[in-house]
file start.cif (mmCIF, C-alpha atoms)
data_input
#
loop_
_atom_site.group_PDB
_atom_site.id
_atom_site.type_symbol
_atom_site.label_atom_id
_atom_site.label_comp_id
_atom_site.auth_asym_id
_atom_site.auth_seq_id
_atom_site.Cartn_x
_atom_site.Cartn_y
_atom_site.Cartn_z
ATOM 1 C CA MET A 9 31.344 2.030 -65.430
ATOM 2 C CA SER A 10 30.656 2.093 -61.669
ATOM 3 C CA SER A 11 27.196 2.597 -60.189
ATOM 4 C CA THR A 12 28.299 6.028 -58.944
ATOM 5 C CA GLU A 13 29.332 7.032 -62.472
ATOM 6 C CA VAL A 14 26.018 5.768 -63.810
ATOM 7 C CA ASN A 15 24.157 7.863 -61.209
ATOM 8 C CA LYS A 16 26.176 10.970 -62.086
ATOM 9 C CA THR A 17 25.608 10.430 -65.800
ATOM 10 C CA TYR A 18 21.874 10.078 -65.230
ATOM 11 C CA VAL A 19 21.676 13.236 -63.128
ATOM 12 C CA GLN A 20 23.639 15.226 -65.694
ATOM 13 C CA ASN A 21 21.233 14.089 -68.401
ATOM 14 C CA SER A 22 18.202 15.177 -66.361
ATOM 15 C CA PRO A 23 15.964 15.956 -69.403
ATOM 16 C CA THR A 24 15.544 12.179 -69.767
ATOM 17 C CA TYR A 25 13.341 12.368 -66.669
ATOM 18 C CA SER A 26 10.606 14.183 -68.597
ATOM 19 C CA ASN A 27 7.719 12.662 -70.551
ATOM 20 C CA SER A 28 8.777 9.114 -69.805
ATOM 21 C CA GLU A 29 6.859 7.709 -66.887
ATOM 22 C CA ALA A 30 3.928 9.546 -65.276
ATOM 23 C CA GLU A 31 0.382 9.060 -66.557
ATOM 24 C CA ASP A 32 -2.598 11.368 -66.095
ATOM 25 C CA GLY A 33 -4.912 10.824 -63.146
ATOM 26 C CA VAL A 34 -2.485 8.754 -61.079
ATOM 27 C CA LEU A 35 -1.112 9.048 -57.551
ATOM 28 C CA TYR A 36 2.441 7.707 -57.390
ATOM 29 C CA VAL A 37 3.685 6.681 -53.947
ATOM 30 C CA VAL A 38 7.420 7.248 -54.356
ATOM 31 C CA ALA A 39 10.117 5.900 -52.043
ATOM 32 C CA THR A 40 13.038 8.296 -51.574
ATOM 33 C CA PRO A 41 16.493 7.815 -50.012
ATOM 34 C CA ILE A 42 16.745 7.371 -46.240
ATOM 35 C CA GLY A 43 20.141 9.051 -46.208
ATOM 36 C CA ASN A 44 22.426 8.686 -49.209
ATOM 37 C CA LEU A 45 20.807 10.625 -52.075
ATOM 38 C CA ASP A 46 22.322 8.263 -54.632
ATOM 39 C CA ASP A 47 19.939 5.560 -53.415
ATOM 40 C CA ILE A 48 17.115 7.098 -55.478
ATOM 41 C CA THR A 49 15.928 4.690 -58.164
ATOM 42 C CA ILE A 50 15.940 5.602 -61.845
ATOM 43 C CA ARG A 51 12.189 5.076 -62.050
ATOM 44 C CA ALA A 52 11.546 7.285 -59.014
ATOM 45 C CA ALA A 53 13.615 10.066 -60.557
ATOM 46 C CA ARG A 54 11.654 9.813 -63.806
ATOM 47 C CA VAL A 55 8.328 10.036 -61.984
ATOM 48 C CA LEU A 56 9.409 13.011 -59.877
ATOM 49 C CA GLY A 57 10.522 14.803 -63.031
ATOM 50 C CA ASP A 58 7.307 14.127 -64.904
ATOM 51 C CA VAL A 59 4.368 14.597 -62.495
ATOM 52 C CA ASP A 60 2.306 17.756 -62.215
ATOM 53 C CA CYS A 61 2.923 18.041 -58.475
ATOM 54 C CA VAL A 62 5.128 16.503 -55.803
ATOM 55 C CA VAL A 63 3.301 16.219 -52.478
ATOM 56 C CA ALA A 64 5.885 16.162 -49.692
ATOM 57 C CA GLU A 65 5.978 15.855 -45.918
ATOM 58 C CA ASP A 66 8.465 18.763 -45.793
ATOM 59 C CA THR A 67 8.865 20.653 -49.073
ATOM 60 C CA ARG A 68 12.164 22.207 -47.973
ATOM 61 C CA HIS A 69 13.641 18.769 -47.359
ATOM 62 C CA THR A 70 12.294 17.403 -50.651
ATOM 63 C CA GLN A 71 13.686 20.373 -52.596
ATOM 64 C CA LYS A 72 17.196 19.247 -51.658
ATOM 65 C CA LEU A 73 16.549 15.894 -53.342
ATOM 66 C CA LEU A 74 14.940 17.514 -56.383
ATOM 67 C CA GLN A 75 17.887 19.885 -56.750
ATOM 68 C CA HIS A 76 20.281 16.946 -56.476
ATOM 69 C CA LEU A 77 18.415 15.343 -59.379
ATOM 70 C CA GLY A 78 18.215 18.525 -61.422
ATOM 71 C CA ILE A 79 14.408 18.578 -61.235
ATOM 72 C CA ALA A 80 12.251 21.692 -61.035
ATOM 73 C CA ALA A 81 8.844 20.598 -59.768
ATOM 74 C CA ARG A 82 5.773 22.154 -58.194
ATOM 75 C CA THR A 83 5.545 21.010 -54.561
ATOM 76 C CA GLN A 84 2.747 20.886 -51.998
ATOM 77 C CA ALA A 85 3.159 20.192 -48.281
ATOM 78 C CA LEU A 86 1.168 17.338 -46.756
ATOM 79 C CA HIS A 87 2.032 16.433 -43.189
ATOM 80 C CA GLU A 88 0.350 15.155 -40.035
ATOM 81 C CA HIS A 89 -1.013 18.596 -39.124
ATOM 82 C CA ASN A 90 -2.680 19.430 -42.465
ATOM 83 C CA GLU A 91 -3.287 16.035 -44.098
ATOM 84 C CA ARG A 92 -7.072 15.985 -43.628
ATOM 85 C CA ARG A 93 -7.388 19.460 -45.130
ATOM 86 C CA VAL A 94 -4.925 19.069 -48.015
ATOM 87 C CA ALA A 95 -5.627 15.463 -49.023
ATOM 88 C CA PRO A 96 -9.095 16.209 -50.539
ATOM 89 C CA GLU A 97 -7.576 19.012 -52.646
ATOM 90 C CA VAL A 98 -4.876 16.704 -53.993
ATOM 91 C CA ALA A 99 -7.417 13.933 -54.591
ATOM 92 C CA ARG A 100 -9.512 16.352 -56.684
ATOM 93 C CA LEU A 101 -6.436 17.268 -58.738
ATOM 94 C CA ILE A 102 -5.907 13.579 -59.501
ATOM 95 C CA ALA A 103 -9.601 13.053 -60.284
ATOM 96 C CA ASP A 104 -9.352 15.920 -62.770
ATOM 97 C CA GLY A 105 -6.527 14.144 -64.596
ATOM 98 C CA GLY A 106 -3.481 15.474 -62.760
ATOM 99 C CA SER A 107 -0.499 13.301 -61.906
ATOM 100 C CA VAL A 108 0.913 13.498 -58.373
ATOM 101 C CA ALA A 109 3.919 11.987 -56.619
ATOM 102 C CA LEU A 110 3.630 11.459 -52.864
ATOM 103 C CA VAL A 111 6.929 11.416 -50.948
ATOM 104 C CA SER A 112 7.930 11.500 -47.300
ATOM 105 C CA ASP A 113 11.085 13.002 -45.831
ATOM 106 C CA ALA A 114 12.870 9.674 -46.179
ATOM 107 C CA GLY A 115 12.051 6.147 -47.251
ATOM 108 C CA THR A 116 8.690 4.744 -48.284
ATOM 109 C CA PRO A 117 5.639 6.955 -47.611
ATOM 110 C CA LEU A 118 2.980 5.822 -45.113
ATOM 111 C CA ILE A 119 5.467 3.683 -43.139
ATOM 112 C CA SER A 120 5.155 5.700 -39.893
ATOM 113 C CA ASP A 121 4.722 8.755 -42.130
ATOM 114 C CA PRO A 122 1.718 10.735 -43.452
ATOM 115 C CA GLY A 123 -0.141 9.752 -46.615
ATOM 116 C CA TYR A 124 -2.782 7.216 -45.592
ATOM 117 C CA VAL A 125 -5.653 9.720 -45.805
ATOM 118 C CA LEU A 126 -4.679 10.720 -49.352
ATOM 119 C CA VAL A 127 -4.195 7.150 -50.599
ATOM 120 C CA ASP A 128 -7.502 6.112 -49.045
ATOM 121 C CA LEU A 129 -9.354 9.038 -50.671
ATOM 122 C CA VAL A 130 -7.930 8.333 -54.125
ATOM 123 C CA ARG A 131 -8.635 4.599 -53.907
ATOM 124 C CA SER A 132 -12.152 5.150 -52.517
ATOM 125 C CA ALA A 133 -12.894 7.413 -55.483
ATOM 126 C CA GLY A 134 -11.778 4.695 -57.893
ATOM 127 C CA GLY A 135 -8.479 6.370 -58.762
ATOM 128 C CA ARG A 136 -5.174 4.676 -59.514
ATOM 129 C CA VAL A 137 -2.437 4.470 -56.898
ATOM 130 C CA VAL A 138 0.916 3.209 -58.180
ATOM 131 C CA PRO A 139 3.796 2.304 -55.836
ATOM 132 C CA ILE A 140 7.316 3.265 -56.891
ATOM 133 C CA PRO A 141 9.400 1.067 -54.572
ATOM 134 C CA GLY A 142 12.771 1.916 -53.155
ATOM 135 C CA ALA A 143 14.489 2.612 -49.854
ATOM 136 C CA SER A 144 12.896 1.646 -46.536
ATOM 137 C CA ALA A 145 14.577 1.839 -43.140
ATOM 138 C CA VAL A 146 12.652 -1.251 -41.998
ATOM 139 C CA THR A 147 13.926 -3.596 -44.690
ATOM 140 C CA ALA A 148 17.395 -2.022 -44.801
ATOM 141 C CA ALA A 149 17.865 -2.535 -41.064
ATOM 142 C CA LEU A 150 16.458 -6.059 -41.058
ATOM 143 C CA SER A 151 18.614 -7.152 -43.968
ATOM 144 C CA ALA A 152 21.819 -6.361 -42.050
ATOM 145 C CA SER A 153 20.646 -7.172 -38.523
ATOM 146 C CA GLY A 154 21.534 -10.846 -38.339
ATOM 147 C CA LEU A 155 18.110 -11.525 -36.811
ATOM 148 C CA PRO A 156 15.527 -13.860 -38.388
ATOM 149 C CA THR A 157 13.637 -12.051 -41.155
ATOM 150 C CA HIS A 158 11.243 -14.734 -42.460
ATOM 151 C CA ARG A 159 8.617 -13.398 -40.025
ATOM 152 C CA PHE A 160 8.673 -9.960 -38.426
ATOM 153 C CA ALA A 161 6.246 -7.450 -36.905
ATOM 154 C CA PHE A 162 6.703 -3.738 -37.562
ATOM 155 C CA GLU A 163 5.458 -1.725 -34.574
ATOM 156 C CA GLY A 164 6.465 1.768 -35.718
ATOM 157 C CA PHE A 165 7.160 4.289 -32.958
ATOM 158 C CA LEU A 166 6.532 3.254 -29.370
ATOM 159 C CA PRO A 167 4.513 5.590 -27.110
ATOM 160 C CA ALA A 168 6.519 8.597 -25.928
ATOM 161 C CA ARG A 169 5.411 8.266 -22.288
ATOM 162 C CA ARG A 170 6.977 5.503 -20.206
ATOM 163 C CA GLY A 171 3.784 4.005 -18.800
ATOM 164 C CA PRO A 172 2.123 3.307 -22.171
ATOM 165 C CA ARG A 173 5.496 2.271 -23.625
ATOM 166 C CA LEU A 174 5.961 -0.358 -20.911
ATOM 167 C CA GLU A 175 2.415 -1.596 -21.494
ATOM 168 C CA ARG A 176 3.057 -1.999 -25.222
ATOM 169 C CA LEU A 177 6.368 -3.801 -24.684
ATOM 170 C CA THR A 178 4.873 -6.046 -22.023
ATOM 171 C CA SER A 179 2.126 -7.080 -24.441
ATOM 172 C CA LEU A 180 4.839 -8.106 -26.927
ATOM 173 C CA GLN A 181 7.042 -10.107 -24.522
ATOM 174 C CA GLY A 182 6.073 -13.478 -25.936
ATOM 175 C CA GLU A 183 6.087 -12.473 -29.626
ATOM 176 C CA SER A 184 7.490 -15.255 -31.838
ATOM 177 C CA ARG A 185 8.456 -12.865 -34.662
ATOM 178 C CA THR A 186 11.315 -10.384 -34.855
ATOM 179 C CA LEU A 187 10.002 -7.026 -33.626
ATOM 180 C CA VAL A 188 10.919 -3.786 -35.395
ATOM 181 C CA PHE A 189 10.557 -0.317 -33.866
ATOM 182 C CA TYR A 190 11.469 3.192 -34.936
ATOM 183 C CA GLU A 191 12.850 5.414 -32.185
ATOM 184 C CA ALA A 192 13.888 9.047 -31.832
ATOM 185 C CA PRO A 193 17.387 9.877 -30.535
ATOM 186 C CA HIS A 194 16.164 11.514 -27.315
ATOM 187 C CA ARG A 195 14.191 8.382 -26.345
ATOM 188 C CA VAL A 196 16.411 5.555 -27.574
ATOM 189 C CA SER A 197 18.195 5.046 -24.240
ATOM 190 C CA ASP A 198 14.886 4.983 -22.348
ATOM 191 C CA CYS A 199 13.526 2.496 -24.869
ATOM 192 C CA LEU A 200 16.440 0.105 -24.358
ATOM 193 C CA GLU A 201 16.075 0.400 -20.568
ATOM 194 C CA ASP A 202 12.411 -0.523 -20.903
ATOM 195 C CA LEU A 203 13.336 -3.456 -23.133
ATOM 196 C CA VAL A 204 15.665 -4.737 -20.396
ATOM 197 C CA GLU A 205 12.784 -4.515 -17.926
ATOM 198 C CA THR A 206 10.129 -6.131 -20.093
ATOM 199 C CA MET A 207 12.066 -8.550 -22.304
ATOM 200 C CA GLY A 208 15.004 -9.389 -20.051
ATOM 201 C CA ALA A 209 18.634 -8.270 -20.207
ATOM 202 C CA ASP A 210 19.661 -11.241 -22.375
ATOM 203 C CA ARG A 211 17.105 -10.800 -25.191
ATOM 204 C CA THR A 212 19.002 -10.324 -28.470
ATOM 205 C CA VAL A 213 18.522 -6.999 -30.228
ATOM 206 C CA ALA A 214 19.999 -5.141 -33.175
ATOM 207 C CA VAL A 215 20.184 -1.355 -33.008
ATOM 208 C CA ALA A 216 20.679 0.435 -36.334
ATOM 209 C CA LYS A 217 21.431 4.156 -36.490
ATOM 210 C CA GLU A 218 21.841 6.647 -39.321
ATOM 211 C CA LEU A 219 21.404 4.022 -42.043
ATOM 212 C CA THR A 220 23.150 4.877 -45.349
ATOM 213 C CA LYS A 221 24.612 8.044 -43.787
ATOM 214 C CA LEU A 222 28.159 8.949 -42.778
ATOM 215 C CA HIS A 223 27.834 7.749 -39.171
ATOM 216 C CA GLU A 224 25.893 4.566 -39.912
ATOM 217 C CA GLY A 225 26.205 1.865 -37.294
ATOM 218 C CA ILE A 226 24.523 -1.428 -36.347
ATOM 219 C CA PHE A 227 25.024 -3.066 -32.954
ATOM 220 C CA ARG A 228 23.844 -6.643 -32.348
ATOM 221 C CA GLY A 229 23.864 -8.414 -28.999
ATOM 222 C CA PRO A 230 21.995 -8.709 -25.692
ATOM 223 C CA VAL A 231 19.817 -5.686 -24.981
ATOM 224 C CA ALA A 232 21.792 -4.879 -21.811
ATOM 225 C CA ALA A 233 24.999 -4.772 -23.881
ATOM 226 C CA ALA A 234 23.262 -2.593 -26.492
ATOM 227 C CA LEU A 235 22.360 -0.115 -23.769
ATOM 228 C CA GLN A 236 25.976 -0.055 -22.564
ATOM 229 C CA TRP A 237 27.179 0.442 -26.152
ATOM 230 C CA LEU A 238 24.828 3.364 -26.654
ATOM 231 C CA GLN A 239 25.691 5.078 -23.364
ATOM 232 C CA ALA A 240 29.456 4.605 -23.791
ATOM 233 C CA ASP A 241 29.598 7.403 -26.383
ATOM 234 C CA PRO A 242 27.126 10.338 -26.398
ATOM 235 C CA ALA A 243 27.583 10.660 -30.174
ATOM 236 C CA ARG A 244 25.954 7.260 -30.650
ATOM 237 C CA ALA A 245 22.595 8.625 -29.487
ATOM 238 C CA ARG A 246 22.389 11.039 -32.430
ATOM 239 C CA GLY A 247 20.312 10.360 -35.510
ATOM 240 C CA GLU A 248 17.350 8.154 -36.277
ATOM 241 C CA PHE A 249 17.153 4.591 -34.957
ATOM 242 C CA VAL A 250 15.652 1.255 -35.926
ATOM 243 C CA ILE A 251 15.507 -1.170 -32.994
ATOM 244 C CA MET A 252 14.974 -4.851 -33.741
ATOM 245 C CA VAL A 253 14.199 -7.381 -31.027
ATOM 246 C CA GLY A 254 14.751 -11.090 -31.497
ATOM 247 C CA ALA A 255 11.820 -13.463 -31.086
ATOM 248 C CA ALA A 256 11.058 -14.860 -27.655
ATOM 249 C CA SER A 257 12.178 -18.403 -26.957
ATOM 250 C CA GLU A 258 9.480 -20.943 -26.144
ATOM 251 C CA GLN A 259 10.384 -20.626 -22.478
ATOM 252 C CA GLN A 260 10.263 -16.811 -22.591
ATOM 253 C CA ALA A 261 6.946 -16.897 -24.407
ATOM 254 C CA GLU A 262 5.473 -19.269 -21.849
ATOM 255 C CA LEU A 263 6.685 -17.185 -18.922
ATOM 256 C CA ALA A 264 5.456 -13.948 -20.525
ATOM 257 C CA VAL A 265 1.881 -15.215 -20.402
ATOM 258 C CA TRP A 266 2.122 -15.450 -16.610
ATOM 259 C CA ASP A 267 3.925 -12.154 -15.959
ATOM 260 C CA PRO A 268 0.763 -10.235 -14.958
ATOM 261 C CA TRP A 269 -0.083 -12.983 -12.444
ATOM 262 C CA LEU A 270 3.452 -13.024 -11.120
ATOM 263 C CA ARG A 271 3.494 -9.247 -10.701
ATOM 264 C CA ALA A 272 0.230 -9.420 -8.768
ATOM 265 C CA LEU A 273 1.583 -12.131 -6.459
ATOM 266 C CA LEU A 274 4.834 -10.223 -5.911
ATOM 267 C CA SER A 275 2.888 -7.186 -4.761
ATOM 268 C CA GLU A 276 1.706 -9.259 -1.769
ATOM 269 C CA LEU A 277 4.276 -12.035 -1.304
ATOM 270 C CA PRO A 278 8.065 -12.547 -1.307
ATOM 271 C CA PRO A 279 9.544 -14.020 -4.527
ATOM 272 C CA ALA A 280 10.011 -17.553 -3.163
ATOM 273 C CA ARG A 281 6.403 -17.937 -2.029
ATOM 274 C CA ALA A 282 4.988 -16.209 -5.134
ATOM 275 C CA SER A 283 7.016 -18.547 -7.340
ATOM 276 C CA ARG A 284 5.845 -21.672 -5.551
ATOM 277 C CA LEU A 285 2.194 -20.671 -5.874
ATOM 278 C CA LEU A 286 2.448 -19.766 -9.572
ATOM 279 C CA ALA A 287 4.478 -22.879 -10.414
ATOM 280 C CA HIS A 288 1.703 -24.996 -8.931
ATOM 281 C CA VAL A 289 -0.951 -23.227 -11.054
ATOM 282 C CA ALA A 290 1.011 -22.778 -14.307
ATOM 283 C CA GLY A 291 2.814 -26.114 -14.394
ATOM 284 C CA ILE A 292 6.138 -24.359 -15.056
ATOM 285 C CA PRO A 293 9.298 -25.344 -13.121
ATOM 286 C CA ARG A 294 9.555 -23.220 -9.977
ATOM 287 C CA LYS A 295 13.199 -22.294 -10.652
ATOM 288 C CA GLN A 296 12.243 -20.638 -13.953
ATOM 289 C CA ILE A 297 9.483 -18.631 -12.332
ATOM 290 C CA TYR A 298 11.721 -17.720 -9.397
ATOM 291 C CA ARG A 299 14.396 -16.319 -11.735
ATOM 292 C CA ARG A 300 11.730 -14.237 -13.469
ATOM 293 C CA ALA A 301 10.362 -13.105 -10.099
ATOM 294 C CA LEU A 302 13.804 -11.818 -9.120
ATOM 295 C CA GLU A 303 14.071 -9.934 -12.441
ATOM 296 C CA LEU A 304 10.673 -8.312 -11.926
ATOM 297 C CA ASN A 305 11.466 -7.438 -8.324
ATOM 298 C CA SER A 306 14.746 -5.848 -9.389
ATOM 299 C CA ASP A 307 13.063 -3.886 -12.181
ATOM 300 C CA ASP A 308 10.409 -2.607 -9.748
ATOM 301 C CA GLY A 309 13.030 -1.560 -7.233
ATOM 302 C CA GLY A 310 12.191 -4.363 -4.826
#

call {"tool": "encode", "arguments": {"input": "start.cif", "output": "structure tokens"}}
result
Amino acid sequence: MSSTEVNKTYVQNSPTYSNSEAEDGVLYVVATPIGNLDDITIRAARVLGDVDCVVAEDTRHTQKLLQHLGIAARTQALHEHNERRVAPEVARLIADGGSVALVSDAGTPLISDPGYVLVDLVRSAGGRVVPIPGASAVTAALSASGLPTHRFAFEGFLPARRGPRLERLTSLQGESRTLVFYEAPHRVSDCLEDLVETMGADRTVAVAKELTKLHEGIFRGPVAAALQWLQADPARARGEFVIMVGAASEQQAELAVWDPWLRALLSELPPARASRLLAHVAGIPRKQIYRRALELNSDDGG
């Protein structure tokens, strides 16, 4: 029997979800599919069918999953705008012996999604918090990226405004781990342009879109090529994105340390003179600094 047939059989026999998993006085942090609804785990389905309440980022979105599973459950909205008001109410329900499942719109709750306030309240009160693992856009994207995964840094969403976004990316130029970002479709092109400016056009990236959905795609290559790939077809900018940036080389990491100094020198001096001065101070070959000076001058419109 195929996995799809197993999933269908399990959904059709939905009464098996009941009275089989959830315990009283427990908050379950339940991972849900990031796209394909069949990626729900059997344990997650059992918990969702057995708890007293499902606390969801968007109850309308979560109802689609519950209906797919044949589950009728009480739901309560908990999102970024009401979390501090609703979380104490849910925590009291758990303290009184209720069982609650916390879900986000997609993937694992609290990973760039609401839920921290609730989990912190329950734990601080001595309550039990049980993770129900499953789908996560971070690990799904990394696993198929072709970039090193033994060490990575998840940075969530970058700032929406360009100035703070450039500051954040500049601070990460010399990072020796693979960097992982979430990005919205209307900002993904701007993000890649800023990566070209701060990390260099040749830095390797992987751009994953619409993971586990119909129009899933993963591009891997230099960031400049990724930007060209994205802009070549307007349809590619639709959906949710995970952007992964390869670690800086030793040379890139060393140069990144001196970028603020180089920018300051370039504001007063031509690239050749600025490079000679910084090479003398930093002990880095002048040709390397000169190439970086030309990149910075080009990025700044010089």

call {"tool": "closest_residue", "arguments": {"input": "start.cif", "among": "A:Tyr36, A:Leu126, A:Gln239, A:Leu263", "to": "Glu201 (chain A)", "atoms": "only C-alpha atoms"}}
result
A:Gln239

call {"tool": "atom_distance", "arguments": {"input": "start.cif", "atom1": "CA of Val38 (chain A)", "atom2": "CA of Glu91 (chain A)"}}
result
17.2 Å

call {"tool": "residues_around", "arguments": {"input": "start.cif", "residues": "Glu303 (chain A)", "least_positions_apart": "5", "cutoff": "12 Å", "atoms": "only C-alpha atoms", "output": "PyMOL selection string"}}
result
chain A and resi 204-210+267+270-271+274+279+296-298+308-310

call {"tool": "resolve_selection", "arguments": {"input": "start.cif", "expression": "the PyMOL selection byres ((chain A and resi 138-149) around 8)", "output": "PyMOL selection string"}}
result
chain A and resi 34-42+47-49+51-52+115-116+136-137+150-153+162+188+216+219+250

call {"tool": "atom_distance", "arguments": {"input": "start.cif", "atom1": "CA of Arg169 (chain A)", "atom2": "CA of Leu203 (chain A)"}}
result
14.2 Å

call {"tool": "atom_distance", "arguments": {"input": "start.cif", "atom1": "CA of Arg211 (chain A)", "atom2": "CA of Val231 (chain A)"}}
result
5.8 Å

call {"tool": "resolve_selection", "arguments": {"input": "start.cif", "expression": "the PyMOL selection byres ((chain A and resi 225) around 12)", "output": "ChimeraX atom specification"}}
result
/A:149,152-153,214-224,226-228,237-238,243-251

call {"tool": "residues_around", "arguments": {"input": "start.cif", "residues": "Ser257 (chain A)", "least_positions_apart": "3", "cutoff": "12 Å", "atoms": "all atoms listed in the file", "output": "PDB file with C-alpha atoms, in the coordinates of the input"}}
result
ATOM      1  CA  GLN A 181       7.042 -10.107 -24.522  1.00  0.00           C
ATOM      2  CA  GLY A 182       6.073 -13.478 -25.936  1.00  0.00           C
ATOM      3  CA  GLU A 183       6.087 -12.473 -29.626  1.00  0.00           C
ATOM      4  CA  SER A 184       7.490 -15.255 -31.838  1.00  0.00           C
ATOM      5  CA  ARG A 185       8.456 -12.865 -34.662  1.00  0.00           C
ATOM      6  CA  THR A 186      11.315 -10.384 -34.855  1.00  0.00           C
ATOM      7  CA  MET A 207      12.066  -8.550 -22.304  1.00  0.00           C
ATOM      8  CA  GLY A 208      15.004  -9.389 -20.051  1.00  0.00           C
ATOM      9  CA  ASP A 210      19.661 -11.241 -22.375  1.00  0.00           C
ATOM     10  CA  ARG A 211      17.105 -10.800 -25.191  1.00  0.00           C
ATOM     11  CA  THR A 212      19.002 -10.324 -28.470  1.00  0.00           C
ATOM     12  CA  VAL A 253      14.199  -7.381 -31.027  1.00  0.00           C
ATOM     13  CA  GLY A 254      14.751 -11.090 -31.497  1.00  0.00           C
ATOM     14  CA  GLN A 260      10.263 -16.811 -22.591  1.00  0.00           C
ATOM     15  CA  ALA A 261       6.946 -16.897 -24.407  1.00  0.00           C
ATOM     16  CA  GLU A 262       5.473 -19.269 -21.849  1.00  0.00           C
ATOM     17  CA  LEU A 263       6.685 -17.185 -18.922  1.00  0.00           C
ATOM     18  CA  ALA A 264       5.456 -13.948 -20.525  1.00  0.00           C
TER      19      ALA A 264
END

call {"tool": "closest_residue", "arguments": {"input": "start.cif", "among": "A:Arg159, A:His87, A:Arg54, A:Arg173", "to": "Leu200 (chain A)", "atoms": "all atoms listed in the file"}}
result
A:Arg173

call {"tool": "residues_around", "arguments": {"input": "start.cif", "residues": "Gly123 (chain A)", "least_positions_apart": "2", "cutoff": "9 Å", "atoms": "only C-alpha atoms", "output": "number ranges by chain"}}
result
A: 37, 65, 86-88, 91, 95, 110-112, 117-119, 121, 125-128

call {"tool": "closest_residue", "arguments": {"input": "start.cif", "among": "A:Val265, A:Pro122, A:Gly105, A:Phe165", "to": "Leu180 (chain A)", "atoms": "only C-alpha atoms"}}
result
A:Val265

call {"tool": "closest_residue", "arguments": {"input": "start.cif", "among": "A:Val213, A:Ala255, A:Leu174, A:Leu73", "to": "His158 (chain A)", "atoms": "all atoms listed in the file"}}
result
A:Ala255

call {"tool": "resolve_selection", "arguments": {"input": "start.cif", "expression": "the PyMOL selection byres ((chain A and resi 30) around 7)", "output": "ChimeraX atom specification"}}
result
/A:28-29,31-32,55,58-59,107

call {"tool": "axis_aligned_box", "arguments": {"input": "start.cif", "around": "region 85-102 of chain A", "padding_each_side": "6 Å", "output": "lines of an AutoDock Vina configuration file"}}
result
center_x = -3.2
center_y = 16.9
center_z = -49.3
size_x = 24.7
size_y = 18.6
size_z = 32.4

call {"tool": "decode", "arguments": {"input": "start.cif", "residues": "region 90-119 of chain A", "atoms": "C-alpha atoms", "output": "PDB file, in the first residue's frame"}}
result
ATOM      1  CA  ASN A  90      -3.944  39.478  20.339  1.00  0.00           C
ATOM      2  CA  GLU A  91      -1.333  37.084  21.758  1.00  0.00           C
ATOM      3  CA  ARG A  92      -0.697  38.992  25.000  1.00  0.00           C
ATOM      4  CA  ARG A  93      -4.422  39.179  25.719  1.00  0.00           C
ATOM      5  CA  VAL A  94      -5.386  35.630  24.709  1.00  0.00           C
ATOM      6  CA  ALA A  95      -2.341  33.716  25.966  1.00  0.00           C
ATOM      7  CA  PRO A  96      -3.199  34.141  29.702  1.00  0.00           C
ATOM      8  CA  GLU A  97      -6.727  32.827  29.047  1.00  0.00           C
ATOM      9  CA  VAL A  98      -5.384  29.741  27.286  1.00  0.00           C
ATOM     10  CA  ALA A  99      -2.758  29.228  29.995  1.00  0.00           C
ATOM     11  CA  ARG A 100      -5.526  29.246  32.633  1.00  0.00           C
ATOM     12  CA  LEU A 101      -7.462  26.634  30.647  1.00  0.00           C
ATOM     13  CA  ILE A 102      -4.388  24.394  30.689  1.00  0.00           C
ATOM     14  CA  ALA A 103      -3.778  25.041  34.396  1.00  0.00           C
ATOM     15  CA  ASP A 104      -7.363  23.950  35.047  1.00  0.00           C
ATOM     16  CA  GLY A 105      -6.700  20.615  33.343  1.00  0.00           C
ATOM     17  CA  GLY A 106      -7.597  21.410  29.740  1.00  0.00           C
ATOM     18  CA  SER A 107      -5.607  20.094  26.800  1.00  0.00           C
ATOM     19  CA  VAL A 108      -4.658  22.537  24.035  1.00  0.00           C
ATOM     20  CA  ALA A 109      -2.954  22.210  20.661  1.00  0.00           C
ATOM     21  CA  LEU A 110      -1.065  25.255  19.388  1.00  0.00           C
ATOM     22  CA  VAL A 111      -0.692  25.496  15.599  1.00  0.00           C
ATOM     23  CA  SER A 112       0.449  28.160  13.166  1.00  0.00           C
ATOM     24  CA  ASP A 113      -0.753  28.671   9.608  1.00  0.00           C
ATOM     25  CA  ALA A 114       1.999  26.403   8.319  1.00  0.00           C
ATOM     26  CA  GLY A 115       4.959  24.513   9.704  1.00  0.00           C
ATOM     27  CA  THR A 116       6.253  24.486  13.262  1.00  0.00           C
ATOM     28  CA  PRO A 117       4.791  27.117  15.628  1.00  0.00           C
ATOM     29  CA  LEU A 118       7.045  29.848  17.063  1.00  0.00           C
ATOM     30  CA  ILE A 119       9.467  29.677  14.102  1.00  0.00           C
TER      31      ILE A 119
END
